[in-house]
Each structure stands twice: as structure tokens, then as C-alpha cells.
file run_10.tsv (TSV, C-alpha atoms and all ligand atoms)
chain	number	residue	atom	x	y	z
A	14	MET	CA	26.47	9.66	12.95
A	15	LEU	CA	24.46	12.76	11.97
A	16	LYS	CA	22.78	15.22	14.37
A	17	THR	CA	19.48	14.71	12.62
A	18	ALA	CA	18.31	12.57	9.70
A	19	MET	CA	15.10	11.95	7.83
A	20	GLY	CA	13.55	9.01	5.99
A	21	GLN	CA	10.46	9.20	3.79
A	22	SER	CA	7.98	6.94	2.04
A	23	HIS	CA	4.45	7.24	0.67
A	24	ALA	CA	1.07	5.55	0.36
A	25	LYS	CA	0.27	2.83	-2.14
A	26	ILE	CA	-2.79	1.50	-3.86
A	27	ILE	CA	-3.21	-1.95	-5.33
A	28	PHE	CA	-4.76	-1.52	-8.75
A	29	PHE	CA	-5.09	-5.25	-9.47
A	30	GLY	CA	-4.09	-8.41	-7.65
A	31	GLU	CA	-4.80	-8.00	-3.92
A	32	HIS	CA	-5.19	-11.40	-2.23
A	33	SER	CA	-4.37	-13.36	-5.42
A	34	VAL	CA	-0.79	-12.00	-5.07
A	35	VAL	CA	-0.45	-14.00	-1.85
A	36	TYR	CA	-0.91	-17.17	-3.99
A	37	GLY	CA	1.65	-16.32	-6.67
A	38	GLN	CA	-0.55	-14.34	-9.08
A	39	PRO	CA	0.77	-10.98	-10.35
A	40	ALA	CA	-0.33	-7.61	-8.98
A	41	ILE	CA	-0.20	-4.03	-10.25
A	42	CYS	CA	0.49	-1.47	-7.55
A	43	LEU	CA	0.73	2.29	-7.76
A	44	PRO	CA	2.66	4.65	-5.49
A	45	VAL	CA	0.68	7.65	-4.24
A	46	SER	CA	3.58	9.96	-3.66
A	47	LYS	CA	1.58	12.96	-2.44
A	48	ILE	CA	0.43	11.08	0.69
A	49	LYS	CA	3.62	10.83	2.72
A	50	THR	CA	5.16	9.34	5.84
A	51	SER	CA	8.24	11.07	7.28
A	52	VAL	CA	10.48	9.90	10.10
A	53	THR	CA	13.00	12.22	11.72
A	54	ILE	CA	15.71	10.94	14.05
A	55	THR	CA	17.60	13.37	16.24
A	56	ALA	CA	20.73	12.69	18.31
A	57	VAL	CA	20.14	13.22	22.05
A	58	ASN	CA	22.19	12.63	25.20
A	59	THR	CA	20.11	9.91	26.81
A	60	GLY	CA	17.17	7.64	26.09
A	61	GLN	CA	15.57	6.08	23.03
A	62	THR	CA	12.19	7.71	22.45
A	63	ILE	CA	9.42	7.62	19.86
A	64	GLN	CA	6.76	10.21	19.13
A	65	SER	CA	3.93	9.19	16.79
A	66	ARG	CA	0.16	9.45	16.39
A	67	TYR	CA	-0.21	6.24	18.41
A	68	PHE	CA	2.40	6.50	21.11
A	69	THR	CA	4.82	8.90	22.73
A	70	GLY	CA	7.43	7.55	25.11
A	71	LYS	CA	10.34	5.16	25.48
A	72	LEU	CA	11.11	2.47	22.90
A	73	SER	CA	11.04	-0.08	25.73
A	74	ALA	CA	7.52	1.01	26.78
A	75	MET	CA	5.76	0.70	23.40
A	76	PRO	CA	2.31	-0.93	23.72
A	77	ASP	CA	1.44	-4.34	22.21
A	78	SER	CA	-0.19	-2.66	19.19
A	79	GLN	CA	3.25	-1.26	18.33
A	80	THR	CA	5.27	-4.44	18.84
A	81	GLY	CA	5.95	-4.81	15.08
A	82	ILE	CA	7.55	-1.36	14.92
A	83	GLN	CA	9.44	-1.92	18.18
A	84	LEU	CA	10.79	-5.20	16.81
A	85	LEU	CA	11.85	-3.48	13.60
A	86	ILE	CA	13.70	-0.69	15.45
A	87	ARG	CA	15.48	-3.21	17.70
A	88	THR	CA	16.48	-5.32	14.68
A	89	ILE	CA	17.94	-2.28	12.87
A	90	LEU	CA	19.85	-1.14	15.97
A	91	THR	CA	21.25	-4.65	16.53
A	92	GLU	CA	22.28	-5.11	12.89
A	93	LEU	CA	23.99	-1.70	12.89
A	94	LYS	CA	25.59	-2.45	16.31
A	95	GLN	CA	23.95	0.65	17.81
A	96	GLU	CA	21.78	-1.02	20.47
A	97	ALA	CA	22.57	1.56	23.15
A	98	THR	CA	22.76	4.74	21.03
A	99	PRO	CA	20.35	7.42	22.33
A	100	PHE	CA	17.93	8.97	19.84
A	101	ALA	CA	14.59	10.75	19.58
A	102	MET	CA	12.37	9.58	16.71
A	103	GLN	CA	9.38	11.46	15.36
A	104	ILE	CA	6.96	9.68	12.99
A	105	GLU	CA	4.54	11.82	10.98
A	106	SER	CA	2.14	10.24	8.51
A	107	ALA	CA	-0.65	11.51	6.29
A	108	ILE	CA	-1.56	7.92	5.33
A	109	PRO	CA	-4.78	6.85	7.04
A	110	ALA	CA	-4.05	3.75	9.11
A	111	GLU	CA	-5.59	0.35	8.37
A	112	ARG	CA	-7.31	1.42	5.15
A	113	GLY	CA	-5.31	-0.68	2.66
A	114	MET	CA	-3.05	2.22	1.70
A	115	GLY	CA	0.14	0.70	3.04
A	116	SER	CA	0.42	2.72	6.25
A	117	SER	CA	2.35	0.07	8.23
A	118	ALA	CA	4.76	-0.72	5.37
A	119	ALA	CA	5.32	2.99	4.71
A	120	THR	CA	6.16	3.55	8.39
A	121	ALA	CA	8.65	0.67	8.29
A	122	ILE	CA	10.29	1.96	5.08
A	123	ALA	CA	10.63	5.52	6.44
A	124	ILE	CA	12.07	4.26	9.77
A	125	ILE	CA	14.69	2.09	8.03
A	126	ARG	CA	15.70	4.90	5.67
A	127	ALA	CA	15.94	7.38	8.56
A	128	PHE	CA	18.16	5.08	10.67
A	129	PHE	CA	20.53	4.23	7.84
A	130	HIS	CA	20.78	7.92	6.99
A	131	PHE	CA	21.31	8.81	10.68
A	132	PHE	CA	24.11	6.28	11.08
A	133	GLU	CA	25.48	7.12	7.60
A	134	GLU	CA	25.27	3.51	6.47
A	135	PRO	CA	24.62	2.43	2.87
A	136	LEU	CA	21.24	0.78	2.27
A	137	SER	CA	20.44	-1.37	-0.76
A	138	HIS	CA	16.87	-1.77	-1.96
A	139	SER	CA	16.85	-5.49	-1.19
A	140	GLU	CA	18.09	-4.79	2.35
A	141	LEU	CA	15.35	-2.17	2.75
A	142	LEU	CA	12.67	-4.73	1.77
A	143	ARG	CA	14.22	-7.48	3.92
A	144	LEU	CA	14.10	-5.25	7.01
A	145	ALA	CA	10.57	-3.98	6.24
A	146	ASP	CA	9.47	-7.61	6.27
A	147	VAL	CA	10.40	-7.83	9.99
A	148	SER	CA	7.48	-5.61	11.07
A	149	GLU	CA	5.20	-6.60	8.16
A	150	GLN	CA	5.52	-10.30	9.10
A	151	TYR	CA	4.62	-9.43	12.68
A	152	ILE	CA	1.65	-7.22	11.72
A	153	HIS	CA	0.18	-9.17	8.77
A	154	GLY	CA	1.31	-12.75	9.32
A	155	ASN	CA	1.97	-13.79	5.70
A	156	PRO	CA	2.60	-10.61	3.67
A	157	SER	CA	3.38	-10.93	-0.03
A	158	GLY	CA	5.88	-8.07	0.29
A	159	LEU	CA	4.00	-5.90	-2.17
A	160	ASP	CA	3.12	-3.15	0.32
A	161	ALA	CA	6.79	-2.56	1.19
A	162	ALA	CA	7.81	-2.77	-2.47
A	163	THR	CA	5.27	-0.11	-3.51
A	164	THR	CA	5.62	2.28	-0.58
A	165	SER	CA	9.35	2.42	-1.38
A	166	SER	CA	8.97	2.75	-5.18
A	167	ARG	CA	8.50	5.97	-7.13
A	168	PHE	CA	7.10	4.01	-10.07
A	169	PRO	CA	4.10	1.76	-10.74
A	170	ILE	CA	5.12	-1.84	-10.26
A	171	TRP	CA	4.30	-5.30	-11.50
A	172	PHE	CA	4.75	-7.55	-8.50
A	173	VAL	CA	5.02	-11.33	-8.31
A	174	ARG	CA	5.77	-12.77	-4.89
A	175	GLY	CA	9.40	-13.78	-4.44
A	176	ARG	CA	10.56	-11.97	-7.60
A	177	ARG	CA	12.14	-8.59	-8.04
A	178	PRO	CA	9.38	-5.98	-8.70
A	179	GLN	CA	9.35	-4.56	-12.25
A	180	THR	CA	8.35	-1.01	-13.12
A	181	ILE	CA	5.67	-0.87	-15.81
A	182	PRO	CA	4.67	1.77	-18.37
A	183	ILE	CA	1.37	3.62	-18.10
A	184	LYS	CA	0.00	5.42	-21.15
A	185	GLN	CA	-3.38	6.57	-19.89
A	186	ASN	CA	-5.21	9.88	-19.68
A	187	ALA	CA	-7.77	8.53	-17.24
A	188	PHE	CA	-8.00	9.51	-13.56
A	189	LEU	CA	-8.40	7.54	-10.37
A	190	VAL	CA	-10.45	8.62	-7.38
A	191	ILE	CA	-9.37	7.02	-4.12
A	192	ALA	CA	-12.04	7.13	-1.41
A	193	ASP	CA	-11.72	6.22	2.26
A	194	THR	CA	-14.83	4.64	3.79
A	195	GLY	CA	-13.50	5.47	7.24
A	196	ILE	CA	-14.04	1.81	8.22
A	197	LEU	CA	-10.85	0.16	9.45
A	198	GLY	CA	-9.72	-2.47	6.96
A	199	GLN	CA	-8.66	-5.83	8.34
A	200	THR	CA	-5.86	-7.12	6.17
A	201	GLY	CA	-4.70	-9.90	8.51
A	202	LEU	CA	-8.25	-11.16	9.01
A	203	ALA	CA	-9.08	-10.87	5.29
A	204	VAL	CA	-5.95	-12.84	4.30
A	205	GLN	CA	-6.90	-15.57	6.80
A	206	TYR	CA	-10.51	-15.54	5.55
A	207	VAL	CA	-9.38	-16.13	1.95
A	208	LYS	CA	-7.06	-18.92	3.12
A	209	ASN	CA	-10.01	-20.66	4.84
A	210	ARG	CA	-12.20	-20.18	1.75
A	211	LEU	CA	-9.54	-21.78	-0.43
A	212	ALA	CA	-9.43	-24.81	1.87
A	213	GLN	CA	-13.21	-25.32	1.59
A	214	ASP	CA	-14.44	-23.99	-1.74
A	215	PRO	CA	-13.07	-24.90	-5.21
A	216	GLN	CA	-14.73	-21.74	-6.62
A	217	ALA	CA	-12.33	-19.68	-4.52
A	218	GLU	CA	-9.35	-21.14	-6.38
A	219	LEU	CA	-10.94	-20.20	-9.70
A	220	ALA	CA	-11.51	-16.66	-8.39
A	221	ILE	CA	-7.82	-16.35	-7.47
A	222	GLU	CA	-6.78	-17.44	-10.99
A	223	HIS	CA	-9.29	-15.05	-12.51
A	224	LEU	CA	-7.87	-12.17	-10.46
A	225	GLY	CA	-4.41	-12.98	-11.81
A	226	GLN	CA	-5.72	-13.07	-15.41
A	227	ASN	CA	-7.33	-9.66	-14.88
A	228	ALA	CA	-4.01	-8.23	-13.67
A	229	LYS	CA	-2.29	-9.55	-16.82
A	230	GLN	CA	-4.91	-7.98	-19.10
A	231	ALA	CA	-4.87	-4.74	-17.12
A	232	ARG	CA	-1.13	-4.43	-17.68
A	233	ILE	CA	-1.77	-4.44	-21.44
A	234	CYS	CA	-4.62	-1.88	-21.14
A	235	LEU	CA	-2.42	0.41	-19.03
A	236	ALA	CA	0.28	0.36	-21.67
A	237	ASN	CA	-2.06	0.97	-24.62
A	238	GLY	CA	-4.48	3.53	-23.17
A	239	ASP	CA	-7.59	1.33	-23.17
A	240	ALA	CA	-9.47	2.86	-20.23
A	241	ASN	CA	-12.84	1.23	-21.02
A	242	THR	CA	-11.48	-2.32	-20.80
A	243	LEU	CA	-9.52	-1.33	-17.70
A	244	GLY	CA	-12.82	-0.24	-16.11
A	245	HIS	CA	-14.47	-3.58	-17.00
A	246	LEU	CA	-11.53	-5.44	-15.51
A	247	MET	CA	-11.86	-3.45	-12.28
A	248	ASN	CA	-15.58	-4.33	-12.04
A	249	ASP	CA	-14.87	-7.99	-12.71
A	250	THR	CA	-12.06	-7.97	-10.14
A	251	GLN	CA	-14.42	-6.47	-7.56
A	252	LYS	CA	-16.96	-9.26	-8.23
A	253	ASN	CA	-14.30	-11.88	-7.60
A	254	LEU	CA	-13.05	-10.16	-4.44
A	255	ALA	CA	-16.63	-9.90	-3.16
A	256	MET	CA	-17.11	-13.60	-3.95
A	257	LEU	CA	-14.03	-14.33	-1.82
A	258	GLY	CA	-15.76	-12.44	1.01
A	259	VAL	CA	-13.39	-9.48	1.44
A	260	SER	CA	-15.63	-6.59	0.35
A	261	HIS	CA	-17.77	-4.58	2.78
A	262	PRO	CA	-21.36	-3.25	2.49
A	263	LEU	CA	-20.13	0.37	2.47
A	264	ILE	CA	-17.55	-0.39	-0.24
A	265	ASP	CA	-20.35	-2.03	-2.30
A	266	GLN	CA	-22.58	1.00	-1.75
A	267	TYR	CA	-19.89	3.51	-2.81
A	268	ILE	CA	-19.00	1.42	-5.85
A	269	LYS	CA	-22.64	1.44	-6.96
A	270	LEU	CA	-22.82	5.22	-6.44
A	271	ALA	CA	-19.65	5.72	-8.51
A	272	LEU	CA	-20.82	3.46	-11.35
A	273	ASP	CA	-24.29	5.11	-11.35
A	274	SER	CA	-22.45	8.44	-11.69
A	275	GLY	CA	-20.73	7.24	-14.88
A	276	ALA	CA	-17.42	5.80	-13.61
A	277	LEU	CA	-15.64	3.36	-15.94
A	278	GLY	CA	-14.93	0.91	-13.13
A	279	ALA	CA	-14.50	0.63	-9.36
A	280	LYS	CA	-13.12	-1.82	-6.84
A	281	LEU	CA	-11.81	-2.11	-3.32
A	282	THR	CA	-8.08	-1.69	-2.89
A	283	GLY	CA	-5.85	-3.48	-0.39
A	284	GLY	CA	-6.92	-6.15	2.06
A	285	GLY	CA	-10.58	-5.09	2.11
A	286	MET	CA	-13.27	-5.75	4.77
A	287	GLY	CA	-13.34	-1.94	5.03
A	288	GLY	CA	-10.69	0.55	4.01
A	289	CYS	CA	-10.59	2.27	0.63
A	290	LEU	CA	-11.98	1.89	-2.87
A	291	ILE	CA	-10.65	3.17	-6.19
A	292	VAL	CA	-12.72	4.50	-9.07
A	293	LEU	CA	-11.61	4.94	-12.68
A	294	VAL	CA	-12.95	7.92	-14.65
A	295	ASN	CA	-12.17	9.53	-17.99
A	296	ASN	CA	-11.12	13.01	-16.89
A	297	GLN	CA	-10.43	15.35	-13.99
A	298	THR	CA	-13.85	17.05	-14.02
A	299	HIS	CA	-15.52	13.68	-13.71
A	300	ALA	CA	-13.07	12.65	-11.00
A	301	GLN	CA	-14.01	15.71	-8.96
A	302	LYS	CA	-17.72	15.05	-9.49
A	303	ILE	CA	-17.40	11.46	-8.25
A	304	ALA	CA	-15.24	12.53	-5.29
A	305	THR	CA	-17.97	15.02	-4.31
A	306	VAL	CA	-20.74	12.39	-4.63
A	307	LEU	CA	-18.77	9.98	-2.42
A	308	GLN	CA	-18.02	12.65	0.16
A	309	GLN	CA	-21.66	13.74	0.26
A	310	ASN	CA	-22.51	10.13	1.03
A	311	GLY	CA	-20.06	9.87	3.91
A	312	ALA	CA	-16.62	9.05	2.47
A	313	VAL	CA	-14.23	10.54	5.05
A	314	GLN	CA	-11.51	11.49	2.57
A	315	THR	CA	-10.94	11.35	-1.19
A	316	TRP	CA	-7.90	11.91	-3.42
A	317	THR	CA	-7.75	12.19	-7.20
A	318	GLU	CA	-4.74	10.96	-9.11
A	319	PRO	CA	-4.05	11.31	-12.86
A	320	LEU	CA	-2.79	7.94	-14.09
A	321	ARG	CA	-0.45	9.66	-16.54
A	322	SER	CA	1.46	11.25	-13.63
A	323	LEU	CA	2.62	7.76	-12.67
A	324	LYS	CA	5.68	7.58	-14.84
A	325	HIS	CA	7.56	4.48	-15.85
A	326	LYS	CA	11.22	4.43	-14.80
A	327	GLY	CA	12.28	4.50	-18.46
A	328	ASP	CA	10.19	7.68	-19.01
A	329	GLN	CA	12.36	9.75	-16.67
A	330	ARG	CA	14.89	12.11	-18.16
B	401	LIG	C1	-2.61	-5.97	1.37
B	401	LIG	O1	-2.32	-4.61	1.07
B	401	LIG	C2	-2.58	-6.82	0.14
B	401	LIG	C3	-2.92	-8.30	0.31
B	401	LIG	O2	-2.79	-8.90	-0.97
B	401	LIG	C4	-1.99	-8.98	1.31
B	401	LIG	C5	-0.55	-9.05	0.83
B	401	LIG	O3	-0.28	-8.93	-0.36
B	401	LIG	O4	0.32	-9.29	1.69
B	401	LIG	C6	-4.35	-8.51	0.78
call {"tool": "encode", "arguments": {"input": "run_10.tsv", "output": "C-alpha cells", "more": "lines below"}}
Ligand code: MEV
result
Amino acid sequence: MLKTAMGQSHAKIIFFGEHSVVYGQPAICLPVSKIKTSVTITAVNTGQTIQSRYFTGKLSAMPDSQTGIQLLIRTILTELKQEATPFAMQIESAIPAERGMGSSAATAIAIIRAFFHFFEEPLSHSELLRLADVSEQYIHGNPSGLDAATTSSRFPIWFVRGRRPQTIPIKQNAFLVIADTGILGQTGLAVQYVKNRLAQDPQAELAIEHLGQNAKQARICLANGDANTLGHLMNDTQKNLAMLGVSHPLIDQYIKLALDSGALGAKLTGGGMGGCLIVLVNNQTHAQKIATVLQQNGAVQTWTEPLRSLKHKGDQR
């Protein structure tokens, strides 16, 4: 066991395929490695304590809102036969919570990595995802697993539920602006809402298939540099997500502002019903202009991300 150990992870955005991924359609997800979560575990003489933006105190006294994380920590300690080992854990995260950027999955990934490092145990990627599912199941009910897969991946991924994620190539000079509405997203509620829609409305099933088709076409556009078609696909995806009932008036308003300011495409990202949107633009100057417009209209935070910085695994030397 080490004296101190750290585990890290980062934010994610879903480029294409939120909600439809729950029903077996493919999704394209991008890591946002500059927005990080870090967990530090330190050996102490007594107690098992957590310090985070939500809670500071004993593991055993975590509030109901933190039950998923408490369950995850207990599962790790049991599996590593370290139930009674004292530790002090500090969780620091720059990922805004409940905005569709993978905050809960990133916390789980960083906690698992930190514990395995602390106890000097090997950790395979499939074990990492299996354990992350413990808290994700508790928090989201029926997660596809894509949040954990992306917050633990350095590369853009093509994700189909139940299959091993694949890294995909991106040959694009375009930029993305990510904007936070400041409204808490409601992934669990949104997933349930879509499930109810599917039970009642045949159009919803068509929308899910359409979202999957858009993800397939987007994969081709990402590989061949076709930013204009990518933008159209984002707009069409947003229409289908709105039809499923998971957009939000503020998301719609910001999307209109972005498109009126010359963006190639825009859509919500993640579970929706609040949270963040993503906007595709041709270059950095335009990205900054759109970020400023959105901020002037109340977006609480924006990030710009060059798509070309998101390297495919095979591109690494
Ligand atoms: C949440 O980030 C993405 C959803 O597709 C749910 C999931 O995949 O588990 C809405």
C-alpha cells in the first residue's frame, strides 16, 4: 500500500447518439481532457473519510445523494479485501455536475483508479468499466455505459452498448464550442421520459433509428473532413432529440443564437432537459465569437475544443 495515490479522469461530450445508444444504436463520444477530475487517497491512522464539493466527513455518514459513490467505494474495498483500511480521500472536479458532461462517471473512474493505485493492484480496462457501472447503475438506472467508457478514454470513441468501444479517426479542422446553460440536466428523468414515449408513440421509434443513422453518417464525415454535412447532421439530430422531448427552452434559444451567428450546426449533448449544448464552427475565431455571444446571453461557462486535437489511437507516435 502506498502513502498517497492519485486517480484521474476527464469530462466527456456525446457528439452523436445520446438516448438512441440506450436502444442499441451507435454513439460518437469525445473526451474533453482539459476538464479534469482528480482523486487523491492518503494513508491515515484511523477512519475512512471523504472530502468533496458535496460532502466532507465519514464514508459511513455520506448523505443519500452520495449513495452511489458510497456503494462504489464499499464495493472496491470489499473486492480488494480492504474493508477496514483507514484512508482519507479528496475528490476535486472541474466538471460541472449534472450537465451531461459525465461528472458522475468521471468521479467513479477517478476513485477506482486511485484505489487500485493506492493498494498497488493491477486494473484492467474492463474491470474499470465493470466497477464504474456500480455507481452509474445506482445514479442513472439503466446506463448504456458510454459515460464511463468516454471519461476513461483518451481517444474519441464509437460506442455500441454491450460491445467493446472502438477508437475512431477524426480528420477535421473545425472547432466545437461547448456551452453550459447552468440548468441542471436530468439524465435519469430524460431516459425514463424517452422510454415512456417509445411505449406510446411509434414516431419515437423512428426518431431513435434516425439518430443512429445520423451517428453512422457523422462517423464518415469526421473521417473525411466534411464539416458542413456534420453540421447538418447535428441540426437534424437536435430536431429528433427535441421531438423525443429531451431538449429545454434555453438549449433551443442558445442553439438559435449560435446558428444565427453562422454556426455549422448545434445540438444538446448528454441526457438533456438542461445541461450543455455543443456548437460546430469552421475556425477558432468563429468559435470565440460564438462563445462570447452565448456568454453575453447567460451561458454560465463555455469551452472551445479543436476537433483535430482529438487524436485517433493509431495517430499516436
Ligand atoms: C447520458 O450521458 C447519455 C444517455 O444516452 C444515457 C446513457 O447512455 O446511459 C442519455
call {"tool": "residues_around", "arguments": {"input": "run_10.tsv", "residues": "Glu31 (chain A)", "least_positions_apart": "6", "cutoff": "10 Å", "atoms": "all atoms listed in the file", "output": "list in words"}}
result
Gln38, Pro39, Ala40, Ile41, Cys42, Gly113, Ser157, Leu159, Val204, Ile221, Leu224, Gly225, Ala228, Thr250, Leu254, Leu281, Thr282, Gly283, Gly284 and Gly285 of chain A
call {"tool": "closest_residue", "arguments": {"input": "run_10.tsv", "among": "A:Leu290, A:Leu211, A:Ile26, A:Leu197", "to": "Arg112 (chain A)", "atoms": "all atoms listed in the file"}}
result
A:Leu197
call {"tool": "closest_residue", "arguments": {"input": "run_10.tsv", "among": "A:Ala18, A:Ile183, A:Val259, A:Leu219", "to": "ligand LIG 401 (chain B)", "atoms": "only C-alpha atoms and all ligand atoms"}}
result
A:Val259
call {"tool": "closest_residue", "arguments": {"input": "run_10.tsv", "among": "A:Ala212, A:Ala118, A:Cys234, A:Val207", "to": "Ala255 (chain A)", "atoms": "all atoms listed in the file"}}
result
A:Val207
call {"tool": "atom_distance", "arguments": {"input": "run_10.tsv", "atom1": "CA of Arg66 (chain A)", "atom2": "CA of Ile122 (chain A)"}}
result
16.9 Å
